[in-house]
file protein-v1.cif (mmCIF, C-alpha atoms)
data_protein
#
loop_
_atom_site.label_atom_id
_atom_site.label_comp_id
_atom_site.auth_asym_id
_atom_site.auth_seq_id
_atom_site.Cartn_x
_atom_site.Cartn_y
_atom_site.Cartn_z
CA MET A 1 16.20 -15.59 -21.06
CA TYR A 2 13.04 -17.72 -21.27
CA LYS A 3 14.11 -19.54 -18.10
CA LYS A 4 14.56 -16.21 -16.31
CA LEU A 5 11.20 -14.95 -17.47
CA LEU A 6 9.47 -18.17 -16.43
CA ALA A 7 11.10 -17.91 -12.99
CA GLU A 8 9.93 -14.30 -12.64
CA PHE A 9 6.39 -15.25 -13.68
CA LEU A 10 6.21 -18.18 -11.28
CA GLY A 11 7.75 -16.30 -8.36
CA THR A 12 5.38 -13.35 -8.73
CA PHE A 13 2.43 -15.68 -9.28
CA PHE A 14 3.04 -17.54 -6.03
CA ILE A 15 3.74 -14.38 -4.04
CA VAL A 16 0.38 -12.95 -5.08
CA PHE A 17 -1.44 -16.26 -4.81
CA CYS A 18 -0.14 -17.10 -1.32
CA GLY A 19 0.05 -13.57 0.09
CA THR A 20 -3.30 -12.24 -1.06
CA GLY A 21 -4.71 -15.75 -0.71
CA ALA A 22 -4.02 -15.49 3.01
CA ILE A 23 -6.07 -12.28 3.07
CA VAL A 24 -8.95 -13.89 1.18
CA ILE A 25 -9.03 -17.03 3.33
CA ASN A 26 -8.75 -14.94 6.50
CA ASP A 27 -11.77 -12.87 5.44
CA LEU A 28 -13.87 -15.88 4.48
CA HIS A 29 -13.07 -18.00 7.53
CA GLY A 30 -13.58 -15.71 10.47
CA GLY A 31 -10.09 -14.28 10.79
CA VAL A 32 -8.46 -17.66 11.41
CA ILE A 33 -5.13 -16.62 9.86
CA THR A 34 -4.95 -13.24 11.67
CA HIS A 35 -3.12 -10.12 10.57
CA ALA A 36 0.18 -11.47 11.89
CA GLY A 37 -0.37 -14.64 9.88
CA ILE A 38 -0.98 -12.65 6.72
CA ALA A 39 2.24 -10.69 7.25
CA ALA A 40 4.12 -13.94 7.86
CA SER A 41 2.61 -15.45 4.70
CA PHE A 42 3.98 -12.63 2.57
CA GLY A 43 7.40 -12.75 4.20
CA LEU A 44 7.70 -16.52 3.98
CA ILE A 45 6.60 -16.84 0.36
CA VAL A 46 9.01 -14.08 -0.70
CA MET A 47 11.83 -15.85 1.13
CA ALA A 48 10.90 -19.21 -0.41
CA MET A 49 10.77 -17.81 -3.94
CA ILE A 50 14.18 -16.15 -3.51
CA TYR A 51 15.64 -19.50 -2.47
CA ALA A 52 13.86 -21.24 -5.35
CA PHE A 53 14.67 -18.86 -8.20
CA GLY A 54 17.45 -16.54 -7.05
CA ASP A 55 20.08 -18.37 -9.07
CA VAL A 56 17.85 -18.42 -12.17
CA SER A 57 16.49 -14.88 -12.58
CA GLY A 58 17.86 -12.98 -9.60
CA ALA A 59 14.43 -13.23 -7.93
CA HIS A 60 13.16 -9.71 -8.54
CA PHE A 61 9.41 -10.56 -8.66
CA ASN A 62 8.73 -6.82 -8.49
CA PRO A 63 8.82 -4.18 -11.26
CA ALA A 64 10.08 -1.57 -8.78
CA VAL A 65 13.05 -3.80 -7.94
CA SER A 66 13.88 -4.36 -11.61
CA VAL A 67 13.72 -0.61 -12.28
CA ALA A 68 15.95 0.11 -9.28
CA PHE A 69 18.54 -2.48 -10.32
CA ALA A 70 18.58 -0.89 -13.79
CA VAL A 71 19.00 2.60 -12.31
CA ALA A 72 21.86 1.23 -10.20
CA LYS A 73 23.45 -0.12 -13.41
CA ARG A 74 23.37 -3.66 -12.05
CA PHE A 75 20.78 -4.74 -14.61
CA ALA A 76 20.28 -3.92 -18.29
CA TRP A 77 17.28 -1.76 -19.12
CA LYS A 78 16.43 -4.06 -22.03
CA ASP A 79 16.17 -6.98 -19.60
CA ALA A 80 14.12 -4.93 -17.14
CA ALA A 81 11.72 -4.18 -20.00
CA LEU A 82 11.23 -7.93 -20.42
CA TYR A 83 10.99 -8.71 -16.69
CA MET A 84 8.31 -6.16 -15.81
CA PRO A 85 5.47 -7.36 -18.10
CA VAL A 86 6.09 -10.94 -17.00
CA GLN A 87 5.99 -9.96 -13.33
CA LEU A 88 2.74 -8.06 -13.86
CA ALA A 89 1.29 -11.04 -15.73
CA GLY A 90 2.25 -13.34 -12.86
CA GLY A 91 0.41 -11.10 -10.41
CA VAL A 92 -2.71 -11.04 -12.57
CA ALA A 93 -2.59 -14.82 -13.01
CA GLY A 94 -2.37 -15.33 -9.24
CA SER A 95 -5.43 -13.15 -8.71
CA LEU A 96 -7.37 -14.86 -11.50
CA LEU A 97 -6.86 -18.23 -9.83
CA LEU A 98 -7.97 -16.84 -6.47
CA ALA A 99 -11.07 -15.36 -8.11
CA ALA A 100 -11.88 -18.77 -9.58
CA LEU A 101 -11.38 -20.52 -6.24
CA PHE A 102 -13.13 -17.89 -4.09
CA PRO A 103 -15.68 -16.16 -6.36
CA THR A 104 -17.60 -14.62 -3.44
CA HIS A 105 -14.69 -12.52 -2.25
CA GLU A 106 -15.09 -8.98 -3.55
CA LYS A 107 -11.62 -7.44 -3.30
CA LEU A 108 -9.21 -10.42 -3.54
CA GLY A 109 -6.66 -8.72 -1.30
CA THR A 110 -6.60 -5.43 -3.21
CA THR A 111 -4.40 -2.82 -1.54
CA LEU A 112 -6.51 0.18 -0.53
CA PRO A 113 -5.65 3.13 1.75
CA ALA A 114 -7.28 3.12 5.17
CA GLY A 115 -6.65 6.86 5.49
CA SER A 116 -5.80 9.47 2.89
CA ALA A 117 -4.29 8.60 -0.46
CA MET A 118 -1.26 10.78 0.28
CA GLN A 119 -0.64 8.99 3.58
CA SER A 120 -0.55 5.63 1.82
CA PHE A 121 1.56 7.03 -1.05
CA VAL A 122 4.21 8.25 1.39
CA LEU A 123 4.10 4.97 3.32
CA GLU A 124 4.44 2.87 0.16
CA ALA A 125 7.39 4.94 -1.01
CA LEU A 126 9.09 4.72 2.38
CA LEU A 127 8.41 1.00 2.84
CA THR A 128 9.78 0.22 -0.62
CA PHE A 129 12.76 2.47 0.05
CA LEU A 130 13.67 0.36 3.10
CA LEU A 131 13.04 -2.91 1.27
CA MET A 132 15.13 -1.90 -1.74
CA LEU A 133 17.93 -0.57 0.44
CA VAL A 134 18.14 -3.94 2.18
CA ILE A 135 18.02 -5.74 -1.19
CA LEU A 136 20.88 -3.63 -2.53
CA ARG A 137 22.96 -4.26 0.57
CA VAL A 138 22.54 -8.05 0.65
CA SER A 139 22.40 -8.88 -3.06
CA THR A 140 25.19 -9.53 -5.53
CA GLY A 141 24.79 -7.55 -8.73
CA ALA A 142 21.13 -7.93 -9.68
CA GLN A 143 20.92 -11.34 -7.98
CA GLU A 144 18.91 -11.88 -4.81
CA LYS A 145 20.20 -15.25 -3.72
CA GLY A 146 21.76 -17.04 -0.79
CA ILE A 147 20.80 -17.58 2.83
CA THR A 148 21.46 -13.98 3.85
CA ALA A 149 19.46 -12.39 1.04
CA GLY A 150 16.43 -14.67 1.34
CA THR A 151 16.19 -14.33 5.10
CA ALA A 152 16.80 -10.58 5.23
CA ILE A 153 14.44 -9.67 2.40
CA GLY A 154 11.68 -12.01 3.56
CA ALA A 155 12.00 -10.60 7.10
CA VAL A 156 11.68 -7.02 5.87
CA VAL A 157 8.59 -7.85 3.81
CA GLY A 158 6.99 -9.57 6.80
CA LEU A 159 7.92 -6.76 9.18
CA GLU A 160 6.56 -4.02 6.94
CA ALA A 161 3.36 -5.93 6.25
CA LEU A 162 2.96 -6.47 9.99
CA PHE A 163 3.04 -2.83 11.06
CA ALA A 164 1.92 -0.94 7.94
CA GLY A 165 -0.49 -3.40 6.36
CA PRO A 166 -3.57 -2.09 8.22
CA VAL A 167 -2.92 1.46 6.97
CA CYS A 168 -1.77 1.17 3.35
CA GLY A 169 -1.70 -2.54 2.58
CA ALA A 170 2.12 -2.60 2.53
CA SER A 171 2.32 -3.61 -1.11
CA MET A 172 5.84 -2.42 -2.00
CA ASN A 173 5.27 -4.13 -5.33
CA PRO A 174 3.25 -2.90 -8.34
CA ALA A 175 2.69 -6.49 -9.49
CA ARG A 176 1.24 -7.46 -6.11
CA SER A 177 -1.24 -4.57 -6.31
CA LEU A 178 -2.08 -4.66 -10.01
CA GLY A 179 -3.33 -8.26 -10.07
CA PRO A 180 -6.02 -8.01 -7.37
CA ALA A 181 -7.04 -4.50 -8.47
CA LEU A 182 -7.62 -5.49 -12.09
CA VAL A 183 -9.34 -8.79 -11.39
CA SER A 184 -11.60 -7.36 -8.66
CA GLN A 185 -12.08 -4.10 -10.60
CA HIS A 186 -11.09 -1.98 -7.60
CA THR A 187 -8.63 0.27 -9.40
CA GLU A 188 -9.58 3.59 -7.81
CA HIS A 189 -6.30 3.91 -5.86
CA LEU A 190 -4.07 1.77 -8.04
CA TRP A 191 -1.90 4.70 -9.14
CA LEU A 192 -0.36 5.18 -5.72
CA TYR A 193 0.63 1.49 -5.50
CA LEU A 194 2.33 1.75 -8.89
CA ALA A 195 4.09 5.10 -8.43
CA GLY A 196 4.94 4.94 -4.71
CA PRO A 197 7.04 1.75 -4.79
CA VAL A 198 8.95 2.83 -7.91
CA LEU A 199 9.78 6.20 -6.34
CA GLY A 200 10.91 4.58 -3.10
CA ALA A 201 13.05 1.98 -4.88
CA VAL A 202 14.84 4.59 -6.99
CA LEU A 203 15.53 6.76 -3.93
CA ALA A 204 17.04 3.69 -2.24
CA VAL A 205 19.56 3.41 -5.07
CA LEU A 206 20.69 7.00 -4.48
CA VAL A 207 21.15 6.44 -0.74
CA HIS A 208 22.93 3.13 -1.36
CA VAL A 209 25.42 4.94 -3.58
CA LEU A 210 26.01 7.54 -0.86
CA VAL A 211 26.62 5.03 1.92
CA SER A 212 28.78 2.89 -0.35
CA LYS A 213 31.01 5.71 -1.58
CA PRO A 214 34.54 5.40 -0.14
CA LEU A 215 35.49 8.14 2.31
CA ASN A 216 38.36 10.39 1.34
CA ASN A 217 41.35 10.09 3.64
#

call {"tool": "encode", "arguments": {"input": "protein-v1.cif", "output": "structure tokens"}}
result
Amino acid sequence: MYKKLLAEFLGTFFIVFCGTGAIVINDLHGGVITHAGIAASFGLIVMAMIYAFGDVSGAHFNPAVSVAFAVAKRFAWKDAALYMPVQLAGGVAGSLLLAALFPTHEKLGTTLPAGSAMQSFVLEALLTFLLMLVILRVSTGAQEKGITAGTAIGAVVGLEALFAGPVCGASMNPARSLGPALVSQHTEHLWLYLAGPVLGAVLAVLVHVLVSKPLNN
């Protein structure tokens, strides 16, 4: 289990460090990375971490994913209870390093709604629903591994960040949002980035069961 937990910590750490790091560097260097580059950074680092750690921990890197796998009975609740704190710690650690490297940046890539809180809550739930549905369809058990899984999941993350990022931040991951919010002390909308993804991921499990149920002849 310690190998799995270390893999989850490292994967989440690098997702937050590289993904929100792209936001920070873009802000501090005149938009050189661009919004499309930020979306690609998130998608690519997620894909890379799945390839790196999928055969060790299943490459969840996301408390909402671990909860959904447990709801789907692909993953033990006792293991999910161990994964989630480690994932959250990885996100915080990634943001702490960014704060040390770029102390003048105020928000460190914190996800904040551009419109109403309810608009972003619905978007986060829907985005995570799509992401989790894809994960369930391409994964084996609670394992996100293999060429198909890494490419498909990374592509969905990049796509959703590309079109929804300017509105809600396209977090889809409580660990990705918790780290920057805590370290930058911008926690005013954190609740929606914790609750929305979990709701969307659980709903994806229900739909996956429906589409997977054999038809009666």

call {"tool": "resolve_selection", "arguments": {"input": "protein-v1.cif", "expression": "the PyMOL selection byres ((chain A and resi 192-198) around 8)", "output": "list of chain:residue names"}}
result
A:Pro63, A:Ala64, A:Val65, A:Val67, A:Ala68, A:Thr111, A:Ala117, A:Ser120, A:Phe121, A:Val122, A:Glu124, A:Ala125, A:Leu127, A:Thr128, A:Phe129, A:Ser171, A:Met172, A:Asn173, A:Pro174, A:Ser177, A:Leu178, A:His189, A:Leu190, A:Trp191, A:Leu199, A:Gly200, A:Ala201, A:Val202

call {"tool": "closest_atom_pairs", "arguments": {"input": "protein-v1.cif", "of": "segment 47-123 of chain A", "to": "segment 148-167 of chain A", "cutoff": "10 Å", "atoms": "all atoms listed in the file", "output": "JSON lines"}}
result
{"residue": "A:Met47", "atom": "CA", "partner": "A:Gly154", "partner_atom": "CA", "distance": 4.5}
{"residue": "A:Ala48", "atom": "CA", "partner": "A:Gly150", "partner_atom": "CA", "distance": 7.4}
{"residue": "A:Met49", "atom": "CA", "partner": "A:Gly150", "partner_atom": "CA", "distance": 8.4}
{"residue": "A:Ile50", "atom": "CA", "partner": "A:Gly150", "partner_atom": "CA", "distance": 5.5}
{"residue": "A:Tyr51", "atom": "CA", "partner": "A:Gly150", "partner_atom": "CA", "distance": 6.2}
{"residue": "A:Ala52", "atom": "CA", "partner": "A:Gly150", "partner_atom": "CA", "distance": 9.7}
{"residue": "A:Gly54", "atom": "CA", "partner": "A:Gly150", "partner_atom": "CA", "distance": 8.7}
{"residue": "A:Ala59", "atom": "CA", "partner": "A:Gly150", "partner_atom": "CA", "distance": 9.6}
{"residue": "A:Thr111", "atom": "CA", "partner": "A:Gly165", "partner_atom": "CA", "distance": 8.8}
{"residue": "A:Leu112", "atom": "CA", "partner": "A:Val167", "partner_atom": "CA", "distance": 8.4}
{"residue": "A:Pro113", "atom": "CA", "partner": "A:Val167", "partner_atom": "CA", "distance": 6.1}
{"residue": "A:Ala114", "atom": "CA", "partner": "A:Val167", "partner_atom": "CA", "distance": 5.0}
{"residue": "A:Gly115", "atom": "CA", "partner": "A:Val167", "partner_atom": "CA", "distance": 6.7}
{"residue": "A:Ser116", "atom": "CA", "partner": "A:Val167", "partner_atom": "CA", "distance": 9.4}
{"residue": "A:Gln119", "atom": "CA", "partner": "A:Val167", "partner_atom": "CA", "distance": 8.6}
{"residue": "A:Ser120", "atom": "CA", "partner": "A:Val167", "partner_atom": "CA", "distance": 7.0}
{"residue": "A:Leu123", "atom": "CA", "partner": "A:Ala164", "partner_atom": "CA", "distance": 7.8}

call {"tool": "atom_distance", "arguments": {"input": "protein-v1.cif", "atom1": "atom CA of Gly91 of chain A", "atom2": "atom CA of Phe17 of chain A"}}
result
7.8 Å

call {"tool": "atom_distance", "arguments": {"input": "protein-v1.cif", "atom1": "atom CA of Asp27 of chain A", "atom2": "atom CA of Ser95 of chain A"}}
result
15.5 Å

call {"tool": "atom_distance", "arguments": {"input": "protein-v1.cif", "atom1": "atom CA of Val134 of chain A", "atom2": "atom CA of Ala93 of chain A"}}
result
27.9 Å

call {"tool": "closest_residue", "arguments": {"input": "protein-v1.cif", "among": "A:Ser57, A:Ser212, A:Ser139, A:Thr104", "to": "Met1 of chain A", "atoms": "all atoms listed in the file"}}
result
A:Ser57

call {"tool": "resolve_selection", "arguments": {"input": "protein-v1.cif", "expression": "the PyMOL selection byres ((chain A and resi 12) around 10)", "output": "PyMOL selection string"}}
result
chain A and resi 6-11+13-18+45-46+49+59-62+86-94+173+175-176

call {"tool": "closest_residue", "arguments": {"input": "protein-v1.cif", "among": "A:Leu203, A:Leu5, A:Leu130, A:Val209", "to": "Ala80 of chain A", "atoms": "only C-alpha atoms"}}
result
A:Leu5

call {"tool": "closest_residue", "arguments": {"input": "protein-v1.cif", "among": "A:Val211, A:Pro180, A:Gly19, A:Leu206", "to": "Ala99 of chain A", "atoms": "only C-alpha atoms"}}
result
A:Pro180
